[in-house]
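Take a look at the structure set out below.
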Amino acid sequence: MEAASGRSTVDDDIAAALRRAVAFAGLLAVTAVAAIACTARTPQPAAGIATDRLMAQEALWNAEATRASAIAFPPALLARRKDPKVATILAEVQQQLSADQSASTARRSAVLRQMDEARAERDLHESQRTVLLVKIEQASALMQQRGPAGITPGLQGDLASLKIQEAKSYGGVVLASRKLKLLTERMMTLANAEQARANTRLESVRTQLRGG
């Protein structure tokens, strides 16, 4: 009887151990599946030549976002610039910067030329108006000297003509100044658009580098 009882106890212990082992194995399996699923969901960073290209693009867009004249490549790329693939990537990015800078310069130069024209037009109208105001003052002074009896229709006509010309010159000043203001705002809009574009692409590249 004692022997049977001992065997029963041993069998129970073995059964309990087996149950614990099965349960632990099941837990490990669940954990492994969860880890695999998590890995599948977690973005993985780019690797190899793709990383090199993204790092070069990051340096490019950072240069454009900060309006730097040259690209500051990361040391990891510069250390391998003799590698033909890396050298090609660096050259392509340098060409991209040159092309973007040339396009930006062309856009700004076009607006600057219009600003110069508007400024010259405003200055011309201001000069004309200054001369006309002097003539109006002189004609008015002459009429005061002569008095009512000495004021002729011709003198009145000359004064009226001068005032009309002065009004037109003033209108020209206003229009040219308004045009200059719009062009200045356009220049700022261009600069802001270029920087926003660079910042957007910079963030996109950095997201890809992080594996997003």
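Ordered as shown in the structure tokens, chains take letters A, B, and onward, while each chain numbers its residues from 1 and ligands are numbered from 1 in the order shown.
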So that I can check the surroundings of Val86 of chain A, please list as a PDB file with N, CA, C and O atoms, in the first residue's frame every protein, DNA and RNA residue that reaches within 9 Å of it, counting only C-alpha atoms and ignoring chain neighbours fewer than 4 positions away.
ATOM      1  N   ILE A  49      23.256  50.779 -49.352  1.00  0.00           N
ATOM      2  CA  ILE A  49      23.352  51.918 -50.258  1.00  0.00           C
ATOM      3  C   ILE A  49      22.158  52.839 -50.111  1.00  0.00           C
ATOM      4  O   ILE A  49      22.256  54.056 -50.331  1.00  0.00           O
ATOM      5  N   ASP A  52      22.994  55.251 -47.461  1.00  0.00           N
ATOM      6  CA  ASP A  52      23.959  56.239 -47.966  1.00  0.00           C
ATOM      7  C   ASP A  52      23.248  57.333 -48.757  1.00  0.00           C
ATOM      8  O   ASP A  52      23.532  58.522 -48.595  1.00  0.00           O
ATOM      9  N   ARG A  53      22.312  56.901 -49.589  1.00  0.00           N
ATOM     10  CA  ARG A  53      21.579  57.886 -50.403  1.00  0.00           C
ATOM     11  C   ARG A  53      20.722  58.792 -49.519  1.00  0.00           C
ATOM     12  O   ARG A  53      20.667  60.005 -49.733  1.00  0.00           O
ATOM     13  N   LEU A  77      29.875  59.226 -44.542  1.00  0.00           N
ATOM     14  CA  LEU A  77      29.894  59.212 -46.006  1.00  0.00           C
ATOM     15  C   LEU A  77      31.237  59.684 -46.546  1.00  0.00           C
ATOM     16  O   LEU A  77      31.781  59.105 -47.484  1.00  0.00           O
ATOM     17  N   LEU A  78      31.758  60.743 -45.960  1.00  0.00           N
ATOM     18  CA  LEU A  78      33.032  61.277 -46.430  1.00  0.00           C
ATOM     19  C   LEU A  78      34.153  60.261 -46.284  1.00  0.00           C
ATOM     20  O   LEU A  78      35.081  60.227 -47.097  1.00  0.00           O
ATOM     21  N   ARG A  80      33.981  57.241 -46.860  1.00  0.00           N
ATOM     22  CA  ARG A  80      33.882  56.249 -47.931  1.00  0.00           C
ATOM     23  C   ARG A  80      33.667  56.885 -49.293  1.00  0.00           C
ATOM     24  O   ARG A  80      33.114  56.270 -50.203  1.00  0.00           O
ATOM     25  N   ARG A  81      34.101  58.130 -49.436  1.00  0.00           N
ATOM     26  CA  ARG A  81      33.858  58.832 -50.700  1.00  0.00           C
ATOM     27  C   ARG A  81      34.641  58.240 -51.878  1.00  0.00           C
ATOM     28  O   ARG A  81      34.348  58.565 -53.030  1.00  0.00           O
ATOM     29  N   LYS A  82      35.652  57.410 -51.585  1.00  0.00           N
ATOM     30  CA  LYS A  82      36.386  56.764 -52.675  1.00  0.00           C
ATOM     31  C   LYS A  82      35.638  55.553 -53.224  1.00  0.00           C
ATOM     32  O   LYS A  82      35.975  55.056 -54.299  1.00  0.00           O
ATOM     33  N   LEU A  90      27.265  61.236 -53.868  1.00  0.00           N
ATOM     34  CA  LEU A  90      27.707  62.580 -53.469  1.00  0.00           C
ATOM     35  C   LEU A  90      27.681  63.536 -54.658  1.00  0.00           C
ATOM     36  O   LEU A  90      27.261  64.697 -54.518  1.00  0.00           O
ATOM     37  N   ALA A  91      28.104  63.049 -55.816  1.00  0.00           N
ATOM     38  CA  ALA A  91      28.110  63.900 -57.016  1.00  0.00           C
ATOM     39  C   ALA A  91      26.688  64.274 -57.421  1.00  0.00           C
ATOM     40  O   ALA A  91      26.415  65.430 -57.791  1.00  0.00           O
TER      41      ALA A  91
END
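Non-sequential neighbours of Ser177 of chain A (distance at most 12 Å, separation of 5 or more positions within a chain, only C-alpha atoms) are Met115, Asp116, Glu117, Ala118, Arg119, Ala120, Glu121, Arg122, Asp123, Leu124, His125, Glu126, Tyr170, Gly171, Gly172, Leu182, Leu183 and Thr184 of chain A.
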Selected residues, N, CA and C atoms, written as a compact mmCIF listing (two decimals), in the first residue's frame, please.
# COMPACT_ATOMS: atom_id res chain seq x y z
N MET A 115 11.55 94.69 -59.39
CA MET A 115 11.63 95.63 -58.27
C MET A 115 12.47 96.84 -58.63
N ASP A 116 13.56 96.61 -59.34
CA ASP A 116 14.41 97.73 -59.78
C ASP A 116 13.64 98.65 -60.73
N GLU A 117 12.86 98.03 -61.63
CA GLU A 117 12.07 98.83 -62.57
C GLU A 117 11.01 99.65 -61.83
N ALA A 118 10.35 99.02 -60.88
CA ALA A 118 9.31 99.72 -60.10
C ALA A 118 9.93 100.84 -59.27
N ARG A 119 11.10 100.58 -58.71
CA ARG A 119 11.77 101.61 -57.90
C ARG A 119 12.21 102.79 -58.77
N ALA A 120 12.71 102.48 -59.97
CA ALA A 120 13.13 103.54 -60.89
C ALA A 120 11.92 104.36 -61.34
N GLU A 121 10.81 103.67 -61.59
CA GLU A 121 9.58 104.36 -62.00
C GLU A 121 9.07 105.27 -60.88
N ARG A 122 9.11 104.77 -59.66
CA ARG A 122 8.69 105.59 -58.52
C ARG A 122 9.58 106.81 -58.35
N ASP A 123 10.88 106.59 -58.46
CA ASP A 123 11.83 107.70 -58.29
C ASP A 123 11.63 108.77 -59.38
N LEU A 124 11.34 108.30 -60.61
CA LEU A 124 11.12 109.25 -61.71
C LEU A 124 9.89 110.10 -61.44
N HIS A 125 8.79 109.46 -61.02
CA HIS A 125 7.57 110.21 -60.72
C HIS A 125 7.78 111.15 -59.53
N GLU A 126 8.55 110.74 -58.56
CA GLU A 126 8.82 111.60 -57.41
C GLU A 126 9.63 112.83 -57.84
N TYR A 170 1.88 112.20 -58.82
CA TYR A 170 1.62 111.61 -57.50
C TYR A 170 0.96 110.23 -57.66
N GLY A 171 0.02 110.14 -58.61
CA GLY A 171 -0.61 108.85 -58.87
C GLY A 171 0.41 107.80 -59.33
N GLY A 172 1.38 108.26 -60.14
CA GLY A 172 2.44 107.35 -60.58
C GLY A 172 3.30 106.87 -59.42
N LEU A 182 4.21 94.85 -53.54
CA LEU A 182 3.75 93.52 -53.96
C LEU A 182 4.93 92.63 -54.37
N LEU A 183 5.90 93.23 -55.05
CA LEU A 183 7.07 92.47 -55.48
C LEU A 183 7.93 92.06 -54.28
N THR A 184 8.00 92.93 -53.29
CA THR A 184 8.74 92.59 -52.07
C THR A 184 8.07 91.42 -51.36
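Ranking A:Ala59, A:Leu162, A:Ala106, A:Ala167 by their shortest atom-to-atom distance to Val93 of chain A, with only C-alpha atoms included, puts A:Ala59 first.
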Using only C-alpha atoms, find each residue in segment 58-137 of chain A having at least one atom no more than 9 Å away from segment 189-212 of chain A; report its shortest atom-to-atom pair and that distance in Å (one decimal), rows by chain then rising number, as a tab-separated table.
residue	atom	partner	partner_atom	distance
A:Glu58	CA	A:Leu202	CA	5.7
A:Ala59	CA	A:Leu202	CA	8.4
A:Leu60	CA	A:Leu202	CA	8.3
A:Trp61	CA	A:Leu202	CA	5.2
A:Asn62	CA	A:Leu202	CA	6.4
A:Ala63	CA	A:Ala198	CA	8.6
A:Glu64	CA	A:Ala198	CA	5.9
A:Ala65	CA	A:Ala198	CA	5.0
A:Thr66	CA	A:Gln195	CA	7.8
A:Arg67	CA	A:Gln195	CA	8.1
A:Ser104	CA	A:Glu194	CA	8.1
A:Arg107	CA	A:Leu190	CA	8.1
A:Arg108	CA	A:Leu190	CA	7.7
Which of A:Val134, A:Gln156, A:Gln128, A:Met188 sits closest to Lys168 of chain A [using only C-alpha atoms]: A:Gln128
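Using only C-alpha atoms, the smallest distance between any of A:Glu166, A:Arg178, A:Leu155, A:Gln57 and Thr130 of chain A comes from A:Glu166.
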Considering only C-alpha atoms, return as a PDB file with N, CA and C atoms, in the first residue's frame whatever protein or nucleic-acid residues lie within 12 Å of Leu142 of chain A, sequence-local ones (same chain, fewer than 3 positions apart) excluded.
ATOM      1  N   LYS A 135       7.247 124.569 -59.413  1.00  0.00           N
ATOM      2  CA  LYS A 135       6.636 125.429 -60.419  1.00  0.00           C
ATOM      3  C   LYS A 135       5.264 125.935 -59.957  1.00  0.00           C
ATOM      4  N   ILE A 136       4.511 125.055 -59.317  1.00  0.00           N
ATOM      5  CA  ILE A 136       3.198 125.461 -58.802  1.00  0.00           C
ATOM      6  C   ILE A 136       3.364 126.550 -57.747  1.00  0.00           C
ATOM      7  N   GLU A 137       4.354 126.369 -56.882  1.00  0.00           N
ATOM      8  CA  GLU A 137       4.604 127.377 -55.841  1.00  0.00           C
ATOM      9  C   GLU A 137       5.003 128.711 -56.459  1.00  0.00           C
ATOM     10  N   GLN A 138       5.828 128.634 -57.492  1.00  0.00           N
ATOM     11  CA  GLN A 138       6.266 129.865 -58.158  1.00  0.00           C
ATOM     12  C   GLN A 138       5.095 130.551 -58.860  1.00  0.00           C
ATOM     13  N   ALA A 139       4.267 129.762 -59.537  1.00  0.00           N
ATOM     14  CA  ALA A 139       3.124 130.344 -60.244  1.00  0.00           C
ATOM     15  C   ALA A 139       2.132 130.948 -59.256  1.00  0.00           C
ATOM     16  N   GLN A 145       1.429 138.151 -56.252  1.00  0.00           N
ATOM     17  CA  GLN A 145       2.099 139.442 -56.471  1.00  0.00           C
ATOM     18  C   GLN A 145       1.280 140.346 -57.389  1.00  0.00           C
ATOM     19  N   ARG A 146       0.748 139.773 -58.412  1.00  0.00           N
ATOM     20  CA  ARG A 146      -0.004 140.563 -59.380  1.00  0.00           C
ATOM     21  C   ARG A 146      -1.379 140.990 -58.848  1.00  0.00           C
ATOM     22  N   GLY A 147      -1.902 140.178 -57.956  1.00  0.00           N
ATOM     23  CA  GLY A 147      -3.218 140.524 -57.441  1.00  0.00           C
ATOM     24  C   GLY A 147      -4.299 140.132 -58.424  1.00  0.00           C
ATOM     25  N   PRO A 148      -5.545 140.276 -58.028  1.00  0.00           N
ATOM     26  CA  PRO A 148      -6.665 139.875 -58.886  1.00  0.00           C
ATOM     27  C   PRO A 148      -6.644 140.547 -60.253  1.00  0.00           C
ATOM     28  N   GLY A 150      -4.101 141.477 -61.983  1.00  0.00           N
ATOM     29  CA  GLY A 150      -3.010 141.033 -62.855  1.00  0.00           C
ATOM     30  C   GLY A 150      -3.058 139.572 -63.238  1.00  0.00           C
ATOM     31  N   ILE A 151      -4.039 138.860 -62.753  1.00  0.00           N
ATOM     32  CA  ILE A 151      -4.124 137.430 -63.070  1.00  0.00           C
ATOM     33  C   ILE A 151      -4.791 137.262 -64.435  1.00  0.00           C
ATOM     34  N   THR A 152      -4.062 136.698 -65.360  1.00  0.00           N
ATOM     35  CA  THR A 152      -4.576 136.506 -66.723  1.00  0.00           C
ATOM     36  C   THR A 152      -5.095 135.074 -66.882  1.00  0.00           C
ATOM     37  N   LEU A 155      -2.224 132.631 -67.247  1.00  0.00           N
ATOM     38  CA  LEU A 155      -1.547 132.282 -66.004  1.00  0.00           C
ATOM     39  C   LEU A 155      -2.386 131.260 -65.210  1.00  0.00           C
ATOM     40  N   GLN A 156      -3.671 131.472 -65.213  1.00  0.00           N
ATOM     41  CA  GLN A 156      -4.553 130.532 -64.523  1.00  0.00           C
ATOM     42  C   GLN A 156      -4.516 129.154 -65.187  1.00  0.00           C
ATOM     43  N   ASP A 158      -2.014 127.913 -66.920  1.00  0.00           N
ATOM     44  CA  ASP A 158      -0.708 127.293 -66.644  1.00  0.00           C
ATOM     45  C   ASP A 158      -0.707 126.641 -65.263  1.00  0.00           C
ATOM     46  N   LEU A 159      -1.273 127.355 -64.290  1.00  0.00           N
ATOM     47  CA  LEU A 159      -1.303 126.825 -62.919  1.00  0.00           C
ATOM     48  C   LEU A 159      -2.174 125.566 -62.850  1.00  0.00           C
TER      49      LEU A 159
END
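Between atom CA of Met55 of chain A and atom CA of Ala103 of chain A the separation is 23.5 Å.
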Residue among A:Phe73, A:Thr88, A:Ala99, A:Gln114 lying closest to Arg186 of chain A, counting only C-alpha atoms: A:Gln114
Return as a PDB file with N, CA, C and O atoms, in the first residue's frame the full set of residues in segment 70-103 of chain A whose backbone-based DSSP assignment is helix (DSSP H, G or I).
ATOM      1  N   PRO A  75      30.403  62.543 -41.640  1.00  0.00           N
ATOM      2  CA  PRO A  75      31.717  61.882 -41.712  1.00  0.00           C
ATOM      3  C   PRO A  75      31.641  60.446 -42.228  1.00  0.00           C
ATOM      4  O   PRO A  75      32.546  59.985 -42.916  1.00  0.00           O
ATOM      5  N   ALA A  76      30.547  59.744 -41.904  1.00  0.00           N
ATOM      6  CA  ALA A  76      30.410  58.349 -42.337  1.00  0.00           C
ATOM      7  C   ALA A  76      30.421  58.226 -43.854  1.00  0.00           C
ATOM      8  O   ALA A  76      30.925  57.233 -44.402  1.00  0.00           O
ATOM      9  N   LEU A  77      29.875  59.226 -44.542  1.00  0.00           N
ATOM     10  CA  LEU A  77      29.894  59.212 -46.006  1.00  0.00           C
ATOM     11  C   LEU A  77      31.237  59.684 -46.546  1.00  0.00           C
ATOM     12  O   LEU A  77      31.781  59.105 -47.484  1.00  0.00           O
ATOM     13  N   LEU A  78      31.758  60.743 -45.960  1.00  0.00           N
ATOM     14  CA  LEU A  78      33.032  61.277 -46.430  1.00  0.00           C
ATOM     15  C   LEU A  78      34.153  60.261 -46.284  1.00  0.00           C
ATOM     16  O   LEU A  78      35.081  60.227 -47.097  1.00  0.00           O
ATOM     17  N   PRO A  84      33.056  53.939 -55.340  1.00  0.00           N
ATOM     18  CA  PRO A  84      32.382  54.448 -56.546  1.00  0.00           C
ATOM     19  C   PRO A  84      30.897  54.744 -56.336  1.00  0.00           C
ATOM     20  O   PRO A  84      30.386  55.752 -56.829  1.00  0.00           O
ATOM     21  N   LYS A  85      30.201  53.861 -55.611  1.00  0.00           N
ATOM     22  CA  LYS A  85      28.768  54.080 -55.390  1.00  0.00           C
ATOM     23  C   LYS A  85      28.531  55.308 -54.522  1.00  0.00           C
ATOM     24  O   LYS A  85      27.641  56.119 -54.799  1.00  0.00           O
ATOM     25  N   VAL A  86      29.327  55.440 -53.483  1.00  0.00           N
ATOM     26  CA  VAL A  86      29.190  56.609 -52.599  1.00  0.00           C
ATOM     27  C   VAL A  86      29.572  57.878 -53.349  1.00  0.00           C
ATOM     28  O   VAL A  86      28.911  58.915 -53.225  1.00  0.00           O
ATOM     29  N   ALA A  87      30.646  57.792 -54.147  1.00  0.00           N
ATOM     30  CA  ALA A  87      31.089  58.958 -54.921  1.00  0.00           C
ATOM     31  C   ALA A  87      30.001  59.415 -55.884  1.00  0.00           C
ATOM     32  O   ALA A  87      29.778  60.621 -56.068  1.00  0.00           O
ATOM     33  N   THR A  88      29.299  58.452 -56.485  1.00  0.00           N
ATOM     34  CA  THR A  88      28.205  58.788 -57.407  1.00  0.00           C
ATOM     35  C   THR A  88      27.074  59.499 -56.670  1.00  0.00           C
ATOM     36  O   THR A  88      26.522  60.493 -57.163  1.00  0.00           O
ATOM     37  N   ILE A  89      26.745  58.985 -55.495  1.00  0.00           N
ATOM     38  CA  ILE A  89      25.678  59.601 -54.704  1.00  0.00           C
ATOM     39  C   ILE A  89      26.042  61.027 -54.321  1.00  0.00           C
ATOM     40  O   ILE A  89      25.233  61.954 -54.452  1.00  0.00           O
ATOM     41  N   LEU A  90      27.265  61.236 -53.868  1.00  0.00           N
ATOM     42  CA  LEU A  90      27.707  62.580 -53.469  1.00  0.00           C
ATOM     43  C   LEU A  90      27.681  63.536 -54.658  1.00  0.00           C
ATOM     44  O   LEU A  90      27.261  64.697 -54.518  1.00  0.00           O
ATOM     45  N   ALA A  91      28.104  63.049 -55.816  1.00  0.00           N
ATOM     46  CA  ALA A  91      28.110  63.900 -57.016  1.00  0.00           C
ATOM     47  C   ALA A  91      26.688  64.274 -57.421  1.00  0.00           C
ATOM     48  O   ALA A  91      26.415  65.430 -57.791  1.00  0.00           O
ATOM     49  N   GLU A  92      25.781  63.307 -57.359  1.00  0.00           N
ATOM     50  CA  GLU A  92      24.385  63.575 -57.736  1.00  0.00           C
ATOM     51  C   GLU A  92      23.762  64.615 -56.812  1.00  0.00           C
ATOM     52  O   GLU A  92      23.031  65.514 -57.272  1.00  0.00           O
ATOM     53  N   VAL A  93      24.047  64.506 -55.524  1.00  0.00           N
ATOM     54  CA  VAL A  93      23.479  65.448 -54.564  1.00  0.00           C
ATOM     55  C   VAL A  93      24.070  66.841 -54.764  1.00  0.00           C
ATOM     56  O   VAL A  93      23.366  67.851 -54.668  1.00  0.00           O
ATOM     57  N   GLN A  94      25.357  66.906 -55.058  1.00  0.00           N
ATOM     58  CA  GLN A  94      25.990  68.204 -55.329  1.00  0.00           C
ATOM     59  C   GLN A  94      25.361  68.857 -56.558  1.00  0.00           C
ATOM     60  O   GLN A  94      25.120  70.071 -56.581  1.00  0.00           O
ATOM     61  N   GLN A  95      25.122  68.056 -57.591  1.00  0.00           N
ATOM     62  CA  GLN A  95      24.480  68.570 -58.803  1.00  0.00           C
ATOM     63  C   GLN A  95      23.073  69.064 -58.512  1.00  0.00           C
ATOM     64  O   GLN A  95      22.634  70.079 -59.063  1.00  0.00           O
ATOM     65  N   GLN A  96      22.356  68.339 -57.628  1.00  0.00           N
ATOM     66  CA  GLN A  96      21.009  68.749 -57.252  1.00  0.00           C
ATOM     67  C   GLN A  96      21.022  70.102 -56.560  1.00  0.00           C
ATOM     68  O   GLN A  96      20.194  70.971 -56.829  1.00  0.00           O
ATOM     69  N   LEU A  97      21.993  70.291 -55.657  1.00  0.00           N
ATOM     70  CA  LEU A  97      22.106  71.572 -54.966  1.00  0.00           C
ATOM     71  C   LEU A  97      22.399  72.691 -55.952  1.00  0.00           C
ATOM     72  O   LEU A  97      21.786  73.771 -55.880  1.00  0.00           O
ATOM     73  N   SER A  98      23.317  72.454 -56.875  1.00  0.00           N
ATOM     74  CA  SER A  98      23.655  73.483 -57.872  1.00  0.00           C
ATOM     75  C   SER A  98      22.451  73.838 -58.731  1.00  0.00           C
ATOM     76  O   SER A  98      22.193  75.019 -59.005  1.00  0.00           O
ATOM     77  N   ALA A  99      21.692  72.806 -59.138  1.00  0.00           N
ATOM     78  CA  ALA A  99      20.505  73.046 -59.966  1.00  0.00           C
ATOM     79  C   ALA A  99      19.452  73.831 -59.192  1.00  0.00           C
ATOM     80  O   ALA A  99      18.849  74.779 -59.719  1.00  0.00           O
ATOM     81  N   ASP A 100      19.234  73.449 -57.934  1.00  0.00           N
ATOM     82  CA  ASP A 100      18.240  74.148 -57.115  1.00  0.00           C
ATOM     83  C   ASP A 100      18.656  75.592 -56.855  1.00  0.00           C
ATOM     84  O   ASP A 100      17.827  76.509 -56.880  1.00  0.00           O
ATOM     85  N   GLN A 101      19.938  75.801 -56.593  1.00  0.00           N
ATOM     86  CA  GLN A 101      20.427  77.153 -56.345  1.00  0.00           C
ATOM     87  C   GLN A 101      20.314  78.017 -57.599  1.00  0.00           C
ATOM     88  O   GLN A 101      19.948  79.193 -57.512  1.00  0.00           O
ATOM     89  N   SER A 102      20.602  77.422 -58.758  1.00  0.00           N
ATOM     90  CA  SER A 102      20.484  78.164 -60.016  1.00  0.00           C
ATOM     91  C   SER A 102      19.033  78.552 -60.284  1.00  0.00           C
ATOM     92  O   SER A 102      18.736  79.685 -60.696  1.00  0.00           O
ATOM     93  N   ALA A 103      18.126  77.603 -60.045  1.00  0.00           N
ATOM     94  CA  ALA A 103      16.703  77.882 -60.258  1.00  0.00           C
ATOM     95  C   ALA A 103      16.220  78.958 -59.294  1.00  0.00           C
ATOM     96  O   ALA A 103      15.466  79.867 -59.674  1.00  0.00           O
TER      97      ALA A 103
END
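Here atom CA of Leu112 of chain A stands at a distance of 8.1 Å from atom CA of Met187 of chain A.
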